[in-house]
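Enquirer: I'd like to ask some things about the structure below.
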Amino acid sequence: MTRFVLFRVAQSLFVVVGVVLLTFVIVRLVPGDPAVAYAGNRATPEQLEAARQKLGLNGSVLTQFQSYLSGLFTGDLGTSIHTRQPVLDDLSRFVPASIELVLFAMIIAVPVGLFIGRFAARHHGKASDIVMRIMTVLAVSFPSFWLALILQTTLASALGWFPIAGEYTSSLDTTSPLHVWTNITIVDAAITGNWPVFVSTFQHLVLPGLVLAVYPIGVIAQQARAGLTDELGQDHVRTVRALGFSPREVVGRFAMRPVLSPILTLIALIFAYSLVNAFIVEAIFNWPGIGRYTAQAIQSLDTPAIAGVTLVIAIIYLLVNLVVDVAQAFIDPRVRVQ
Amino acid sequence: MNRASKAIAVAVAVTLALAGCSGGAVKNAAGGNDTFVIAPSFAVVTDLDPSTAYSNELMAMQNVYESLTRYNSKTKKAEPLLATSWTVSPDGLTWTVSLRKGVKFHTGRAMDATAVKESLDRNRAAKFGASYIWDAVSEITATDPHTVTFTLSYPAPVDLIASAVSSTYIYDVKAAGSGDLSAWFNTGKDAGTGPYTISNWTKGAEIEMKLGSYPDYWGGWSGDHFKNVEFRVTPDANTAWQLLKNGEVDYVDVLTPQLFAQAKKTPSVQTSAGSSFQNLLALYNTKSGPTENLNVRKALQLAIDYSGLVASLDGAGVASSGIAPEGLLGYTPGFEGKTNLKEAAALLKTAGYGPGGKELDLTMSYTQGDDAQAKFATLLVSAIEQLGGKLTATPMDWNAQWDQAKSSDAAQRQDIFVMYWYPDYADAYSWFYSLFHSQKQISFNLSYFDDPKLDAVIDSLPKLTATDRGAAEAAYASLQKTILTDNALASVPFVQASQHVLSDRVGDFVDNTAYPGMVHVYDTKVVR
Amino acid sequence: MTVIVQPASRLPFLGAIPRAIPRDVLSVIALVVLSVLVLAAVFAPWVTPYPADAQGATHPLQALLAPSPAHWFGTDGVGRDILTRVVFGARTSLIVVAAVLLFAIVVGTLSGVVAGFAGGIVRDLIMRITDIFLAFPALLLALALALVLPRGIPTLVLCVAITWWPWYTRLAGSIAASISQRGYVDAARTLGVSSPKIVFRHVLPNSLTPVIVQASLDAGGVIIVVATLSYLGLGVSEPTPEWGLMVQQGQALITTHWWVVTFPALAILVTAFCFNVLGEGLRVSLDPKRVAR
């Protein structure tokens, strides 16, 4: 197992370098002058040239890439052209907030999705199955901004059950300041026993979390349903049933395991994908996450920022994949043999 | 019920319980009744150095720093702020400015003429953002502790220039001692003279900046002034609207025209509508493509559906007349856009396009994400189609479209370039100098027009504005005739309207067109 | 109850076509709706009330009118009839969805199955290349491609498909890996059946399920991604109607003029659902171990 993990880590490094190189190449391809993001939309040609010199934009792709790599070894991810802050600072501010949101969404999505999938599989072909399927398709095709707006205007504005926007009530910064450990607010609040911030963050997580959870619920439910329906027709399952295990045990203990494999893969994919693609939800709920930062960086052709985000997402994605692969090895012992 | 559904039921119950614990939104939770909460749609701070700040942070800095003068869009004059009066020599080359007494910087140091000279010199030396506005000034001298003399190399309206929204701040250049002043500013400190001072800055947070009141402000604190200002970054217009209705936010600069219409009907909310100094321009390429031909350009001017566009903007834009917007010296009525498709067709025929002739194929770029520009594009595409031609309108990132317009290969450039323009200080000179003066290196003269006679008239404007306003107005009128009527270099589809929304707690709000998107909070009052 | 279980060795593809036509009511409805959509799209100029609105026509003075007998779906920001534009929009959306999904399924499944079955270095190589595509911000990749290639529908399809297939590779790969370890595959190997045959007869058909399920869900997603690209000026440009773009443009008007967003969104939802139902029917029909109930 250790050899497996080490080998995978080595490969992952290769992927990370590949991704970052690709970033530099691609940003060069996209027309536009990154100096504009620094000097402003109304900069004079002299100001633009000065900016280009200052930012080192006149070098070739390879030179820029090399200096970026050497910076990486010292922990310097460069300075964002747009925010003028060190990219590392930007990332350590925004990435934990996004992880907080997406993790919360996945914690909701996985059990709910599996539950719906199992329910639909058990009632395969009946009316309730069809209703479930309609709802899962809705979940996957519904524009997220629309759902966000509906929840916001009804549950927050009209009924006042949840806050309209934000990560937590800002007045708590003075009344109950948070000691930062992981930079993930709700985790820090839990660790340090800061109950007011914990509750406030939880309240603020609910609506955006729900909106983000909808797509994974749909996908997981459909995959679980399809996989389970397949499995339940298998010989070994009928054998187990014939041996006297109850339907619930048949599903839970025997049929579920192989079904989980593609679902685990999906969870990893959706997690990494949602980190950046949550930018609509982040914008609507004033959530200080990485999605908005990335969308902005892409628009400004802010190479250090884009490279930084790509790097972080790549690392997170590879880590999650690694965890999933290891988990799959546990669930399906036959994979381990390889 | 199996375990999974039980678990889910428990989770839902816990969520609702926790939510109910202290409710959702709390009115005025953020800072209390004395706090003015602004909801900008982008992050506030890029650069906190008053000599180079040129972006969103200006909305905060206008409350923390002050300039010598402030423009009053109703009287169309620069009014005293840190300066109390000024005189100009007959040749327009020397300006003598008297300073206000009893002004203190937030660092504690008193403001005097030396401090004014030092900060303005630093602004000029920065060569960034709007520092070019001081190009006419060759030297600034502190003639006595409360008098500053500006010596110019050519005449220019220093009072207007000093009212500009950036590059004009007066601050304590010794605030960082021997350290790097720019770095000092960018840790979240300020050295201004204004009523408010930066009390908290958290980059990337939702409440990005908080301003507290400066007790020794020269204007004093008697009356019902707001004591604090907060900036709550809210990218989505719908969210901002809900926060405003709920009392969590006091000022939103721009919603959507439709939400603004809703706001007008909402009793607990105030609206402020007016014009602005920002207009949309369509610049026609005179050096390549079909637009090289004057008749084609004139046809384009007539093809734009000016009234239809303004109607479809639903209040976000008003009709324009000429290049300079209303409220500025240089605004000339009589240059309103006219739509006449028949005449346009005739002009195209003269140019050789239309049935039996060449096919008209035009390209245009506009800024993606801007609804008004998208509408303009759609309407123009439709009009050109009606004229038997084809217009390809491409939404592009500003950066990309500017790049294309600056290509060294003239054939690559777009035929029509669409952009907004606004002045750095309340003077119509900005349009003419930046957009129509010949340029060795292409910057914003994106019709690429090159005429020394036109250049000469433009170059005479600063002197005339400073010494002979009547002559200046005549010059502006003649310029617009040359640019719009004779050479059809551009069209001005509309002037952006301002549509601000405020909570009912705010009294005495005045929309100052020269400072778009900004509120001088000190000048408002708390209505209890 | 007799159960018919088809052994895994039957070659499903050729014989599957007639079997693949699903028989349950829902699938029939979906087929009918989709056919109506396709027909409407093909005959759009004759079927719609204001066909000019889908090309260059604008009527700014009739902007944002509510649904009425003259305009069943109301008008948009520049006064164009939304019903007409929704029908014309089907042309772009249906073609793009079909093309993207087809590309993604074929490329994704093949690469995933090869990876899962072959194992070892081949698997690692394919999976790492897939990882590079997955870790890279999809938006940036699509942006770069769209700027380099000539504008048009094929480029649009390529841009979206290139960011889409890695998911399928991953999905197919994971299940192919587990199937490759199953008893009957080992048995076939022992018996000397060649690897390609094993892949095509055993591994591939069984790996199709999660891919088809995902694809049947992705139709709506593809349209939304196309919308983002069009919004950024890369895909379809005004005045060509496209559902996702219409939804994007109507976003700001949702609370005040609901119909601008609702009707194109409904079109997306209905189409997505039809694809989903058909996908489900396909999955059931292609399943070699199909249990007759």
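Residue numbering restarts at 1 in every chain; chains get A, B, ... in the order shown in the structure tokens, and ligands count up from 1 in that same order.
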Can you pull out the residues contacting region 138-147 of chain C? Cut-off 8 Å, using only C-alpha atoms, and skip same-chain residues under 6 positions away; I want them as JSON, numbers by chain.

Expert: {"A": [26, 27, 29, 30, 31, 298], "C": [155, 156, 159, 160, 162, 163, 229, 234, 235]}

Enquirer: Going by DSSP on the backbone, which bits of region 30-101 of chain A are helix (DSSP H, G or I)? Write them as an MDAnalysis selection string, please.

Expert: chainID A and resid 35:39 45:55 61:73 87:101

Enquirer: Please check the contacts: residues of chain C at most 9 Å away from chain B, using only C-alpha atoms, listed as a list in words.

Expert: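 Listed by rising number, the hits are Gln55, Gly56, Ala57, Thr58, His59, Pro60, Leu61, Gln62, Ala63, Leu64, Gly77, Val78, Gly79, Ser230, Tyr231, Leu232, Gly233, Leu234, Ser237, Glu238, Pro239, Gln249, Ala252, Leu253, Thr255, Thr256 and His257 of chain C.
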
Enquirer: With N, CA and C atoms retained, could you export that selection as a PDB file, in the first residue's frame?

Expert:
ATOM      1  N   GLN C  55     -33.350  36.253 -36.457  1.00  0.00           N
ATOM      2  CA  GLN C  55     -32.195  36.717 -37.205  1.00  0.00           C
ATOM      3  C   GLN C  55     -31.890  38.140 -36.775  1.00  0.00           C
ATOM      4  N   GLY C  56     -32.074  39.105 -37.623  1.00  0.00           N
ATOM      5  CA  GLY C  56     -31.606  40.425 -37.227  1.00  0.00           C
ATOM      6  C   GLY C  56     -32.636  41.354 -36.649  1.00  0.00           C
ATOM      7  N   ALA C  57     -33.923  40.990 -36.721  1.00  0.00           N
ATOM      8  CA  ALA C  57     -34.954  41.977 -36.386  1.00  0.00           C
ATOM      9  C   ALA C  57     -34.950  42.354 -34.913  1.00  0.00           C
ATOM     10  N   THR C  58     -35.182  43.622 -34.642  1.00  0.00           N
ATOM     11  CA  THR C  58     -35.335  44.077 -33.256  1.00  0.00           C
ATOM     12  C   THR C  58     -36.485  45.069 -33.210  1.00  0.00           C
ATOM     13  N   HIS C  59     -37.135  45.127 -32.073  1.00  0.00           N
ATOM     14  CA  HIS C  59     -38.259  46.048 -31.905  1.00  0.00           C
ATOM     15  C   HIS C  59     -38.155  46.691 -30.528  1.00  0.00           C
ATOM     16  N   PRO C  60     -37.213  47.610 -30.351  1.00  0.00           N
ATOM     17  CA  PRO C  60     -36.942  48.103 -28.997  1.00  0.00           C
ATOM     18  C   PRO C  60     -38.140  48.729 -28.309  1.00  0.00           C
ATOM     19  N   LEU C  61     -39.103  49.175 -29.096  1.00  0.00           N
ATOM     20  CA  LEU C  61     -40.251  49.800 -28.445  1.00  0.00           C
ATOM     21  C   LEU C  61     -41.201  48.767 -27.865  1.00  0.00           C
ATOM     22  N   GLN C  62     -40.983  47.480 -28.223  1.00  0.00           N
ATOM     23  CA  GLN C  62     -41.840  46.449 -27.641  1.00  0.00           C
ATOM     24  C   GLN C  62     -41.055  45.575 -26.675  1.00  0.00           C
ATOM     25  N   ALA C  63     -40.068  46.198 -26.038  1.00  0.00           N
ATOM     26  CA  ALA C  63     -39.219  45.407 -25.160  1.00  0.00           C
ATOM     27  C   ALA C  63     -39.971  44.961 -23.924  1.00  0.00           C
ATOM     28  N   LEU C  64     -39.633  43.771 -23.463  1.00  0.00           N
ATOM     29  CA  LEU C  64     -40.103  43.245 -22.191  1.00  0.00           C
ATOM     30  C   LEU C  64     -41.618  43.264 -22.022  1.00  0.00           C
ATOM     31  N   GLY C  77     -35.464  41.848 -24.076  1.00  0.00           N
ATOM     32  CA  GLY C  77     -34.962  43.206 -23.844  1.00  0.00           C
ATOM     33  C   GLY C  77     -34.949  44.112 -25.064  1.00  0.00           C
ATOM     34  N   VAL C  78     -34.916  43.539 -26.253  1.00  0.00           N
ATOM     35  CA  VAL C  78     -34.988  44.380 -27.453  1.00  0.00           C
ATOM     36  C   VAL C  78     -36.242  44.072 -28.264  1.00  0.00           C
ATOM     37  N   GLY C  79     -37.231  43.505 -27.615  1.00  0.00           N
ATOM     38  CA  GLY C  79     -38.544  43.361 -28.228  1.00  0.00           C
ATOM     39  C   GLY C  79     -38.748  42.161 -29.121  1.00  0.00           C
ATOM     40  N   SER C 230     -20.799  31.438 -24.822  1.00  0.00           N
ATOM     41  CA  SER C 230     -21.428  32.443 -25.680  1.00  0.00           C
ATOM     42  C   SER C 230     -21.426  33.797 -24.996  1.00  0.00           C
ATOM     43  N   TYR C 231     -21.698  33.794 -23.696  1.00  0.00           N
ATOM     44  CA  TYR C 231     -21.703  35.041 -22.923  1.00  0.00           C
ATOM     45  C   TYR C 231     -20.345  35.710 -22.983  1.00  0.00           C
ATOM     46  N   LEU C 232     -19.286  34.893 -23.009  1.00  0.00           N
ATOM     47  CA  LEU C 232     -17.936  35.442 -23.083  1.00  0.00           C
ATOM     48  C   LEU C 232     -17.556  35.760 -24.513  1.00  0.00           C
ATOM     49  N   GLY C 233     -18.500  35.592 -25.432  1.00  0.00           N
ATOM     50  CA  GLY C 233     -18.233  35.974 -26.804  1.00  0.00           C
ATOM     51  C   GLY C 233     -17.573  34.895 -27.619  1.00  0.00           C
ATOM     52  N   LEU C 234     -17.580  33.660 -27.126  1.00  0.00           N
ATOM     53  CA  LEU C 234     -16.837  32.623 -27.837  1.00  0.00           C
ATOM     54  C   LEU C 234     -17.698  31.688 -28.639  1.00  0.00           C
ATOM     55  N   SER C 237     -22.993  33.957 -31.260  1.00  0.00           N
ATOM     56  CA  SER C 237     -23.090  35.379 -30.925  1.00  0.00           C
ATOM     57  C   SER C 237     -24.427  35.938 -31.390  1.00  0.00           C
ATOM     58  N   GLU C 238     -24.793  37.043 -30.769  1.00  0.00           N
ATOM     59  CA  GLU C 238     -26.029  37.707 -31.163  1.00  0.00           C
ATOM     60  C   GLU C 238     -26.018  37.964 -32.652  1.00  0.00           C
ATOM     61  N   PRO C 239     -27.117  37.893 -33.353  1.00  0.00           N
ATOM     62  CA  PRO C 239     -28.443  37.638 -32.821  1.00  0.00           C
ATOM     63  C   PRO C 239     -28.868  36.175 -32.809  1.00  0.00           C
ATOM     64  N   GLN C 249     -28.740  35.925 -20.288  1.00  0.00           N
ATOM     65  CA  GLN C 249     -29.095  37.326 -20.492  1.00  0.00           C
ATOM     66  C   GLN C 249     -30.281  37.730 -19.641  1.00  0.00           C
ATOM     67  N   ALA C 252     -30.557  38.934 -14.949  1.00  0.00           N
ATOM     68  CA  ALA C 252     -30.777  40.145 -14.156  1.00  0.00           C
ATOM     69  C   ALA C 252     -32.256  40.498 -14.070  1.00  0.00           C
ATOM     70  N   LEU C 253     -33.060  39.952 -14.971  1.00  0.00           N
ATOM     71  CA  LEU C 253     -34.470  40.361 -15.031  1.00  0.00           C
ATOM     72  C   LEU C 253     -35.383  39.410 -14.293  1.00  0.00           C
ATOM     73  N   THR C 255     -36.441  38.837 -11.300  1.00  0.00           N
ATOM     74  CA  THR C 255     -37.485  39.220 -10.349  1.00  0.00           C
ATOM     75  C   THR C 255     -38.507  40.169 -10.953  1.00  0.00           C
ATOM     76  N   THR C 256     -38.126  40.819 -12.058  1.00  0.00           N
ATOM     77  CA  THR C 256     -39.042  41.817 -12.603  1.00  0.00           C
ATOM     78  C   THR C 256     -39.725  41.362 -13.895  1.00  0.00           C
ATOM     79  N   HIS C 257     -39.041  40.573 -14.695  1.00  0.00           N
ATOM     80  CA  HIS C 257     -39.628  40.095 -15.954  1.00  0.00           C
ATOM     81  C   HIS C 257     -39.290  38.610 -16.094  1.00  0.00           C
TER      82      HIS C 257
END

Enquirer: Of the residues A:Ile108, A:Pro196, A:Ala221, A:Ser170, which is the one nearest to Ile134 (chain A), using only C-alpha atoms?

Expert: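 Ranking A:Ile108, A:Pro196, A:Ala221, A:Ser170 by distance to Ile134 (chain A), first place goes to A:Ala221.
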
Enquirer: Excluding region 215-218 of chain C and residues on its chain fewer than 3 positions from it, collect all residues at most 10 Å away from it, counting only C-alpha atoms, and give them as a PyMOL selection string.

Expert: (chain A and resi 136-141+218-219+222-223) or (chain C and resi 97+100-102+104-105+164+168+209-212+221-224+272-280+282-283)

Enquirer: Can you write just those residues out, N, CA, C and O atoms, as a CSV table (one decimal), in the first residue's frame?

Expert:
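And here's out_2.csv as it stands now:
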chain,number,residue,atom,x,y,z
A,136,THR,N,-34.3,14.4,-10.1
A,136,THR,CA,-32.9,14.4,-10.3
A,136,THR,C,-32.4,15.1,-11.6
A,136,THR,O,-31.4,15.8,-11.6
A,137,VAL,N,-33.2,15.0,-12.6
A,137,VAL,CA,-32.9,15.7,-13.9
A,137,VAL,C,-33.0,17.2,-13.6
A,137,VAL,O,-32.2,18.0,-14.1
A,138,LEU,N,-34.1,17.6,-12.9
A,138,LEU,CA,-34.2,19.0,-12.6
A,138,LEU,C,-33.0,19.5,-11.8
A,138,LEU,O,-32.5,20.6,-12.0
A,139,ALA,N,-32.6,18.7,-10.8
A,139,ALA,CA,-31.5,19.1,-10.0
A,139,ALA,C,-30.2,19.4,-10.8
A,139,ALA,O,-29.5,20.3,-10.6
A,140,VAL,N,-30.0,18.6,-11.9
A,140,VAL,CA,-28.8,18.7,-12.6
A,140,VAL,C,-28.9,19.8,-13.7
A,140,VAL,O,-27.9,20.4,-14.1
A,141,SER,N,-30.1,20.1,-14.1
A,141,SER,CA,-30.3,21.1,-15.2
A,141,SER,C,-30.7,22.5,-14.7
A,141,SER,O,-30.8,23.4,-15.5
A,218,GLY,N,-28.3,15.2,-7.6
A,218,GLY,CA,-28.9,14.6,-8.8
A,218,GLY,C,-28.0,13.6,-9.4
A,218,GLY,O,-28.4,12.5,-9.7
A,219,VAL,N,-26.7,13.9,-9.5
A,219,VAL,CA,-25.8,13.0,-10.1
A,219,VAL,C,-25.6,11.7,-9.3
A,219,VAL,O,-25.7,10.6,-9.8
A,222,GLN,N,-28.8,9.5,-9.4
A,222,GLN,CA,-29.0,8.7,-10.6
A,222,GLN,C,-28.0,7.6,-10.8
A,222,GLN,O,-28.3,6.5,-11.2
A,223,GLN,N,-26.7,7.9,-10.4
A,223,GLN,CA,-25.7,6.8,-10.5
A,223,GLN,C,-26.0,5.7,-9.6
A,223,GLN,O,-25.9,4.5,-9.9
C,97,VAL,N,-25.5,19.7,-28.1
C,97,VAL,CA,-25.6,18.7,-27.1
C,97,VAL,C,-25.3,17.3,-27.6
C,97,VAL,O,-24.5,16.5,-27.0
C,100,VAL,N,-21.5,17.0,-28.6
C,100,VAL,CA,-20.6,17.0,-27.4
C,100,VAL,C,-20.7,15.6,-26.7
C,100,VAL,O,-19.7,15.0,-26.4
C,101,LEU,N,-21.9,15.2,-26.4
C,101,LEU,CA,-22.1,14.0,-25.7
C,101,LEU,C,-21.5,12.8,-26.4
C,101,LEU,O,-20.9,11.9,-25.8
C,102,LEU,N,-21.8,12.7,-27.7
C,102,LEU,CA,-21.3,11.6,-28.5
C,102,LEU,C,-19.7,11.6,-28.4
C,102,LEU,O,-19.1,10.5,-28.2
C,104,ALA,N,-17.8,12.9,-26.3
C,104,ALA,CA,-17.3,12.6,-24.9
C,104,ALA,C,-17.5,11.2,-24.5
C,104,ALA,O,-16.6,10.5,-24.0
C,105,ILE,N,-18.6,10.6,-24.9
C,105,ILE,CA,-18.8,9.2,-24.6
C,105,ILE,C,-17.8,8.3,-25.3
C,105,ILE,O,-17.2,7.5,-24.7
C,164,TRP,N,-15.1,18.0,-21.4
C,164,TRP,CA,-16.1,17.0,-20.9
C,164,TRP,C,-15.6,15.6,-20.8
C,164,TRP,O,-15.9,14.9,-19.9
C,168,TYR,N,-15.7,11.2,-18.2
C,168,TYR,CA,-16.1,9.8,-18.7
C,168,TYR,C,-15.0,8.8,-18.6
C,168,TYR,O,-15.2,7.7,-18.3
C,209,THR,N,-22.6,1.5,-18.5
C,209,THR,CA,-23.7,2.0,-17.7
C,209,THR,C,-23.4,3.4,-17.0
C,209,THR,O,-24.2,4.3,-17.2
C,210,PRO,N,-22.4,3.5,-16.2
C,210,PRO,CA,-22.3,4.8,-15.5
C,210,PRO,C,-22.0,5.9,-16.5
C,210,PRO,O,-22.5,7.0,-16.3
C,211,VAL,N,-21.4,5.6,-17.6
C,211,VAL,CA,-21.1,6.6,-18.6
C,211,VAL,C,-22.4,7.1,-19.2
C,211,VAL,O,-22.7,8.3,-19.4
C,212,ILE,N,-23.3,6.1,-19.6
C,212,ILE,CA,-24.5,6.5,-20.2
C,212,ILE,C,-25.4,7.3,-19.2
C,212,ILE,O,-26.1,8.3,-19.6
C,221,GLY,N,-26.4,20.3,-18.6
C,221,GLY,CA,-25.2,20.9,-18.2
C,221,GLY,C,-24.4,21.4,-19.4
C,221,GLY,O,-23.8,22.5,-19.4
C,222,VAL,N,-24.4,20.7,-20.5
C,222,VAL,CA,-23.7,21.1,-21.7
C,222,VAL,C,-24.3,22.4,-22.2
C,222,VAL,O,-23.6,23.4,-22.5
C,223,ILE,N,-25.6,22.5,-22.2
C,223,ILE,CA,-26.2,23.8,-22.7
C,223,ILE,C,-25.8,25.0,-21.8
C,223,ILE,O,-25.5,26.0,-22.3
C,224,ILE,N,-25.7,24.7,-20.5
C,224,ILE,CA,-25.4,25.8,-19.6
C,224,ILE,C,-23.9,26.3,-19.9
C,224,ILE,O,-23.6,27.4,-19.9
C,272,ALA,N,-33.4,18.3,-21.5
C,272,ALA,CA,-32.5,17.5,-20.6
C,272,ALA,C,-33.2,16.3,-20.1
C,272,ALA,O,-32.7,15.2,-20.1
C,273,PHE,N,-34.5,16.5,-19.8
C,273,PHE,CA,-35.2,15.3,-19.3
C,273,PHE,C,-35.4,14.3,-20.3
C,273,PHE,O,-35.3,13.1,-20.1
C,274,CYS,N,-35.7,14.7,-21.6
C,274,CYS,CA,-35.9,13.7,-22.6
C,274,CYS,C,-34.6,12.9,-22.8
C,274,CYS,O,-34.6,11.7,-23.0
C,275,PHE,N,-33.5,13.6,-22.9
C,275,PHE,CA,-32.2,12.9,-23.0
C,275,PHE,C,-32.0,11.9,-21.9
C,275,PHE,O,-31.5,10.8,-22.1
C,276,ASN,N,-32.4,12.4,-20.7
C,276,ASN,CA,-32.2,11.5,-19.5
C,276,ASN,C,-33.1,10.2,-19.7
C,276,ASN,O,-32.6,9.1,-19.4
C,277,VAL,N,-34.3,10.4,-20.1
C,277,VAL,CA,-35.2,9.2,-20.2
C,277,VAL,C,-34.7,8.3,-21.3
C,277,VAL,O,-34.6,7.1,-21.1
C,278,LEU,N,-34.2,8.9,-22.4
C,278,LEU,CA,-33.7,8.0,-23.4
C,278,LEU,C,-32.4,7.3,-23.0
C,278,LEU,O,-32.2,6.2,-23.3
C,279,GLY,N,-31.6,8.0,-22.3
C,279,GLY,CA,-30.4,7.4,-21.7
C,279,GLY,C,-30.7,6.3,-20.9
C,279,GLY,O,-30.1,5.2,-20.9
C,280,GLU,N,-31.7,6.4,-20.0
C,280,GLU,CA,-32.1,5.4,-19.1
C,280,GLU,C,-32.6,4.2,-19.9
C,280,GLU,O,-32.3,3.0,-19.7
C,282,LEU,N,-31.8,3.4,-22.9
C,282,LEU,CA,-30.7,2.8,-23.6
C,282,LEU,C,-29.9,1.9,-22.6
C,282,LEU,O,-29.5,0.8,-23.0
C,283,ARG,N,-29.7,2.4,-21.4
C,283,ARG,CA,-29.0,1.7,-20.4
C,283,ARG,C,-29.6,0.3,-20.2
C,283,ARG,O,-29.0,-0.7,-20.2

Enquirer: Taking only residues of chain A that have an atom at most 7 Å from an atom of chain B, what is each one's shortest atom pair and its distance in Å to one decimal, using only C-alpha atoms, in chain and number order, as a Markdown table?

Expert:
| residue | atom | partner | partner_atom | distance |
| --- | --- | --- | --- | --- |
| A:Pro31 | CA | B:Ala400 | CA | 5.4 |
| A:Gly32 | CA | B:Ala400 | CA | 4.2 |
| A:Asp33 | CA | B:Asn399 | CA | 6.1 |
| A:Val36 | CA | B:Asn399 | CA | 6.7 |
| A:Ala43 | CA | B:Gly129 | CA | 6.5 |
| A:Thr44 | CA | B:Ser443 | CA | 6.4 |
| A:Pro45 | CA | B:Ser443 | CA | 6.4 |
| A:Gln47 | CA | B:Phe128 | CA | 6.5 |
| A:Thr83 | CA | B:Thr46 | CA | 5.6 |
| A:Arg84 | CA | B:Thr46 | CA | 6.6 |
| A:Phe115 | CA | B:Ala4 | CA | 6.6 |
| A:Ala156 | CA | B:Gly24 | CA | 6.8 |
| A:Ser157 | CA | B:Gln242 | CA | 6.5 |
| A:Gly160 | CA | B:Gly24 | CA | 5.3 |
| A:Trp161 | CA | B:Gly24 | CA | 4.9 |
| A:Phe162 | CA | B:Gly24 | CA | 3.9 |
| A:Pro163 | CA | B:Gly24 | CA | 4.3 |
| A:Ile164 | CA | B:Ala25 | CA | 6.6 |
| A:Gly166 | CA | B:Glu206 | CA | 6.4 |
| A:Ser170 | CA | B:Ala30 | CA | 6.1 |
| A:Ser171 | CA | B:Ala30 | CA | 5.4 |
| A:Val199 | CA | B:Leu18 | CA | 6.6 |
| A:Gln203 | CA | B:Ala19 | CA | 5.5 |
| A:Ala283 | CA | B:Pro235 | CA | 5.4 |
| A:Ile284 | CA | B:Asp236 | CA | 5.2 |
| A:Asn286 | CA | B:Thr234 | CA | 5.6 |
| A:Pro288 | CA | B:Ala205 | CA | 6.0 |
| A:Gln299 | CA | B:Asp397 | CA | 6.8 |

Enquirer: Report the distance between CA of Gly330 (chain B) and CA of Ser67 (chain B) in Å, rounded to one decimal place.

Expert: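 That distance, rounded to one decimal, is 24.0 Å.
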
Enquirer: What does the structure give for the distance between CA of Ala472 (chain B) and CA of Ser460 (chain B), in Å to one decimal?

Expert: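 Straight-line distance from CA of Ala472 (chain B) to CA of Ser460 (chain B) works out to 8.5 Å.
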
Enquirer: Any idea what's packed within 12 Å of region 68-74 of chain A, counting only C-alpha atoms, ignoring anything in its chain fewer than 6 positions away? Could you give it as a list in words?

Expert: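 Here the answer would be Val16, Val17, Gly18, Val20, Leu21, Thr23, Phe24, Gly56, Val61, Leu62, Pro86, Val87, Leu88, Thr303, Pro304, Ala305, Ala307, Gly308 and Leu311 of chain A.
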
Enquirer: Measuring atom to atom with only C-alpha atoms, identify which of A:Leu260, A:Ala226, A:Ala295, A:Ile191 is nearest to Gly281 (chain C).

Expert: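 The closest residue to Gly281 (chain C) is A:Ala226.
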